[in-house]
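Contents: one structure, followed by commentary.
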Amino acid sequence: MKFTDIFGKKLMIFDGSMGTFLQDAGLKTGELPEEWNYTHPQVVCDIHKSYIDAGCDVISTNTFGANRFKLDGTPYTVEQMVETAVGLAKKAVADSRNEGNRKEVFTALSVGSIGKLLKPLGHLDFEEAVDAFGEIVAAGEKYGADLILYETMSDPYEMKAALLAAKERINLPVILTMILAGNDRLMSGGIPANACLMLEGMGIDGIGLNCGEGPEQLIRVLPELVKCSSIPVLCSPNAGIPVSKNGKTVYNIDKYGFAEAAARLVEEGASAVGGCCGTNNEYIKEIVSRLKGSDIIPVTEKAFTAVSSRSRVAVFGREPLIIGERINPTGKPLFKEALRNGDSEYILREGMAQQEKGAHILDVNVGLPGIDEPATLKKAVESLQAVTELPLQIDTSNYEALERALRIYNGKPLINSVNGSEESMNAVFPLMKKYGAAAVCLAMDENGISGIPEERVKIVEKIVAKAAEHGINKRNLIADGLVTSAAASKNAAEVTIKTITLIKEKLGLNTVLGVSNISFGLPKRDNINAAFFGMALEAELSAGIVNPLSESMMSAYYSSRALGGFKAQYSEYVDKYIAEPPKEKIYSELTLYDSIMAGLAESASKATRKLLDTVNPLEIINNQLVPALDEVGKGFETGKMFLPQLLMAAEAAKAAFEEIKTSYKGERKAEGHKIVIATVKGDIHDIGKNIVKTLLENYGFDVIDLGKNVPAEDILEAVLKHHARLAGLSALMTTTVVNMAETIKLLNEKAPFCKIMVGGAVLTQDYADSIGADFYGRDAVSAAKYARLIFGER
């Protein structure tokens with residue numbers, strides 16, 4: 001029997017933590033848990049068997065950190081580690097069967113986060129991440145794993161790289177579980193539904209949630225995830241919140257409370273449950289006992305149509321959507337010049353301006369004779385998704401350019417477009433399927449555009465049928481009824497309106513129109529466009545490709561919505577037009593402050609160079625740089641901005657500082673403003689530490705970064721050498737937070753002048769207090785605020 005024959009059809013129980021067991025068995029400080037596959041193979045095998053004996057259906061290999069980056073410096077290759085780990089899991093299954101246990105038990109290859117941020121937020125290239133994951137999963141399939149279990153992931157871009165690696169390298173089922181921050185969001189600022197749309201579209205077999213702040217968080221988040229998921233969901237929470245007792249990390253939920261929580265997760269729609277940090281075989285045994293005979297809620301197909309970015313979802317059919325049309329060189333000499341000169345910031349300014357004016361999706365078209373469209377479109381998509389939260393509509397007839405853009409897109413993209421010709425469908429549908437995209441379907445084929453609405457509908461029907469042959473659900477298709485110029489045909493508007501009405505009635509598809517085509521060749525085009533847009537909205541158009549910067553178009557949009565009779569839309573209209581309009585940003589002339597807020601490094605450099613001609617460097621720092629960073633920090637703290645915006649703003653500020661350094665001979669860093677930071681001994685995760693470092697440096701602190709896996713003695717030595725008044729310690733793993741406590745104890749004894757702030761995914765305020773830390777930093781912004789407080793800047 002295959003794993004997929006059972007998963008999602010009846011309740012399945014996954015195992016609990018490997019790390020908790022290893023820590024109890026004597027895992028030493030600085031040891032990688034995966035190394036025990038070689039140094040203590042019987043212990044690892046016995047842990048697997050204890051979970052099998054407890055009654056679980058799936059055991060996970062001891063390979064969570066077995067990637068090329070974390071194994072660097074060890075004597076083991078990725079393939080060797082995976083081969084040994086899978087062998088131990090399979091041996092445990094065989095030993096159990098020899099003892100008479102005939103239960104079907106599957107072996108999941110456990111794969112954790114690589115531990116590095118992908119570009120543009122970090123330095124790891126997307127394709128390098130794909131290759132690193134591919135190396136792991138290929139070895140897993142080779143040596144007999146039954147499925148791939150990606151765990152504890154928070155960056156949707158890394159999730160895409162991981163799933164793409166599996167889909168391109170192996171033929172095993174894949175499940176991916178996410179870890180959420182305290183605000184129930186992913187690192188990108190999105191909710192789990194963002195990742196669900198992307199991953200499900202790409203063909204993943206299951207998704208889920210693990211780790212985090214314990215069962216209550218998962219119970220809180222699960223219902224919304226189930227609402228959008230058409231695939232089974234796995235939940236593996238921690239055993240509550242970690243606390244320190246007698247120098248040991250323990251969790252505050254016992255096995256009975258955990259089993260009750262698991263039952264609630266199943267009631268909320270989980271198809272499978274297991275455990276993460278703090279759980280062991282006794283927890284799993286209690287879950288099996290508590291849930292014996294329980295049924296799962298059937299997994300159902302969700303019929304809504306949506307696309308997503310790293311942090312936003314745009315759903316078609318609930319309210320009309322605005323697709324911004326301005327990133328298109330047609331009829332725009334300045335844009336054409338910018339494309340030829342490689343000026344990507346022109347595109348970014350257009351994107352941000354449309355977002356500010358109310359666009360929900362941005363169309364991206366860079367088709368221009370004489371340029372390298374595949375390279376240019378890829379760069380445009382990479383740049384835009386770094387600074388805007390809006391989903392992107394990738395608009396090209398160049399199939400190479402389309403694939404390159406789809407591959408690196410961070411979310412579920414919208415393709416513009418596919419038509420009814422065999423060439424178009426055969427080229428676009430395989431790309432849709434591979435990358436999980438939705439697509440605009442043009443009601444035309446090799447014979448051109450029919451003037452008869454019914455004929456246009458037949459072409460859309462043909463597209464829907466052909467898509468089904470490629471395994472594409474029609475909910476991923478949005479029909480374009482096509483707009484032709486009223487100057488060429490007096491009944492052009494009537495034909496288009498009737499076409500979208502018939503598409504909705506006969507096919508049940510959402511619809512989209514390129515509205516401004518109606519006025520081609522006519523004077524005062526905005527007047528015609530706005531009138532036609534109102535007609536289309538009256539006919540229940542799902543989305544209009546329009547110019548959001550056109551006052552008449554947006555007035556038509558808001559007015560039509562207000563007259564639709566919905567209270568919320570009426571209130572929106574009143575609020576928009578009764579209040580004094582906010583001052584608009586002119587994106588062609590960004591100040592340094594605005595450049596940092598928008599995360600535009602090149603623009604920040606230009607603005608700084610201009611300021612340096614007339615303004616003292618310290619004034620620039622104090623009056624523009626620091627206030628901008630403060631404002632970004634406030635946005636982050638209030639949930640209006642998220643980690644990607646924070647990091648992009650920090651990069652823009654860094655670019656400005658570099659300009660100042662080249663012209664300013666003074667030294668901003670004051671004597672004593674030194675901070676030592678490190679990831680403690682035994683822990684090789686440094687993403688959080690690196691983010692804190694970036695922000696601290698942008699506030700002008702002299703950061704001495706000792707790296708990861710740093711012994712307490714080395715941290716003390718650095719503090720004493722630099723007489724640092726503040727030290728920052730980071731730890732991600734439950735097995736290494738004890739080393740944080742030892743480091744704090746040593747610093748308090750030998751360097752009492754040094755304040756200590758701590759942070760990391762497994763830490764809480766109570767835990768930080770219990771180990772003697774002076775400050776618990778929930779995130780980089782809070783750490784920077786504390787540093788400024790310590791050094792008297794506030």
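In the structure tokens, the first chain shown is A, the next is B, and so on; residue numbers restart at 1 for each chain, and ligands run from 1 in the order shown.
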Can you tell me, as a PyMOL selection string, what residues are no more than 9 Å from stretch 688-699 of chain A when counting only C-alpha atoms, ignoring any on the same chain fewer than 4 positions away? chain A and resi 625-626+629+646-647+650-651+653-654+657+675+677-679+703-705+707-708+728-732+759-761+779-781+783-784+787-788
Would you return as a list in words the members of stretch 419-627 of chain A that DSSP assigns to strand (DSSP E or B) on this structure's backbone?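 Of stretch 419-627 of chain A, only Ala438, Ala439, Val440, Cys441, Leu442, Asp445, Gly448, Leu477, Ile478, Ala479, Asp480, Asn510, Thr511, Val512, Leu513, Gly514, Ala543, Gly544, Ile545 and Val546 of chain A fall in strand (DSSP E or B).
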May I ask which of the residues A:Val250, A:Ala259, A:Met1, A:Leu477 is the closest one to A:Val737, counting only C-alpha atoms?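 The closest residue to A:Val737 is A:Val250.
Excluding A:Ala486 itself and same-chain residues fewer than 4 positions from it, the residues having an atom within 9 Å of it are Lys490, Asn491, Ala492, Ala493, Asn517, Ile518, Ser519, Phe520, Gly521 and Leu522 of chain A, counting only C-alpha atoms.
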Taking the DSSP assignment computed from this structure's backbone, write out as a VMD selection string all residues of stretch 613-792 of chain A that belong to alpha helix (DSSP H). chain A and resid 617 to 620 626 to 637 643 to 663 687 to 698 712 to 722 737 to 750 765 to 770 780 to 790
Of the candidates A:Asp95, A:Lys248, A:Ser485, A:Leu720, which one gets nearest to A:Asn739 if we count only C-alpha atoms?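 Nearest candidate to A:Asn739 out of A:Asp95, A:Lys248, A:Ser485, A:Leu720: A:Lys248.
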Which residue of A:Leu176, A:Val86, A:Ala401, A:Ala263 approaches A:Ser113 most closely, using only C-alpha atoms: A:Leu176
Which is closer to A:Lys466 than all the others in A:Met425, A:Val495, A:Leu163, A:Ile503, using only C-alpha atoms?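 Selected residue with least distance to A:Lys466: A:Met425.
Once A:Leu164 and its same-chain neighbours fewer than 3 positions away are set aside, A:Val130, A:Phe133, A:Gly134, A:Met159, A:Lys160, A:Ala161, A:Lys167, A:Glu168, A:Arg169, A:Met202, A:Arg407, A:Lys434, A:Tyr435 remain within 9 Å of it when counting only C-alpha atoms.
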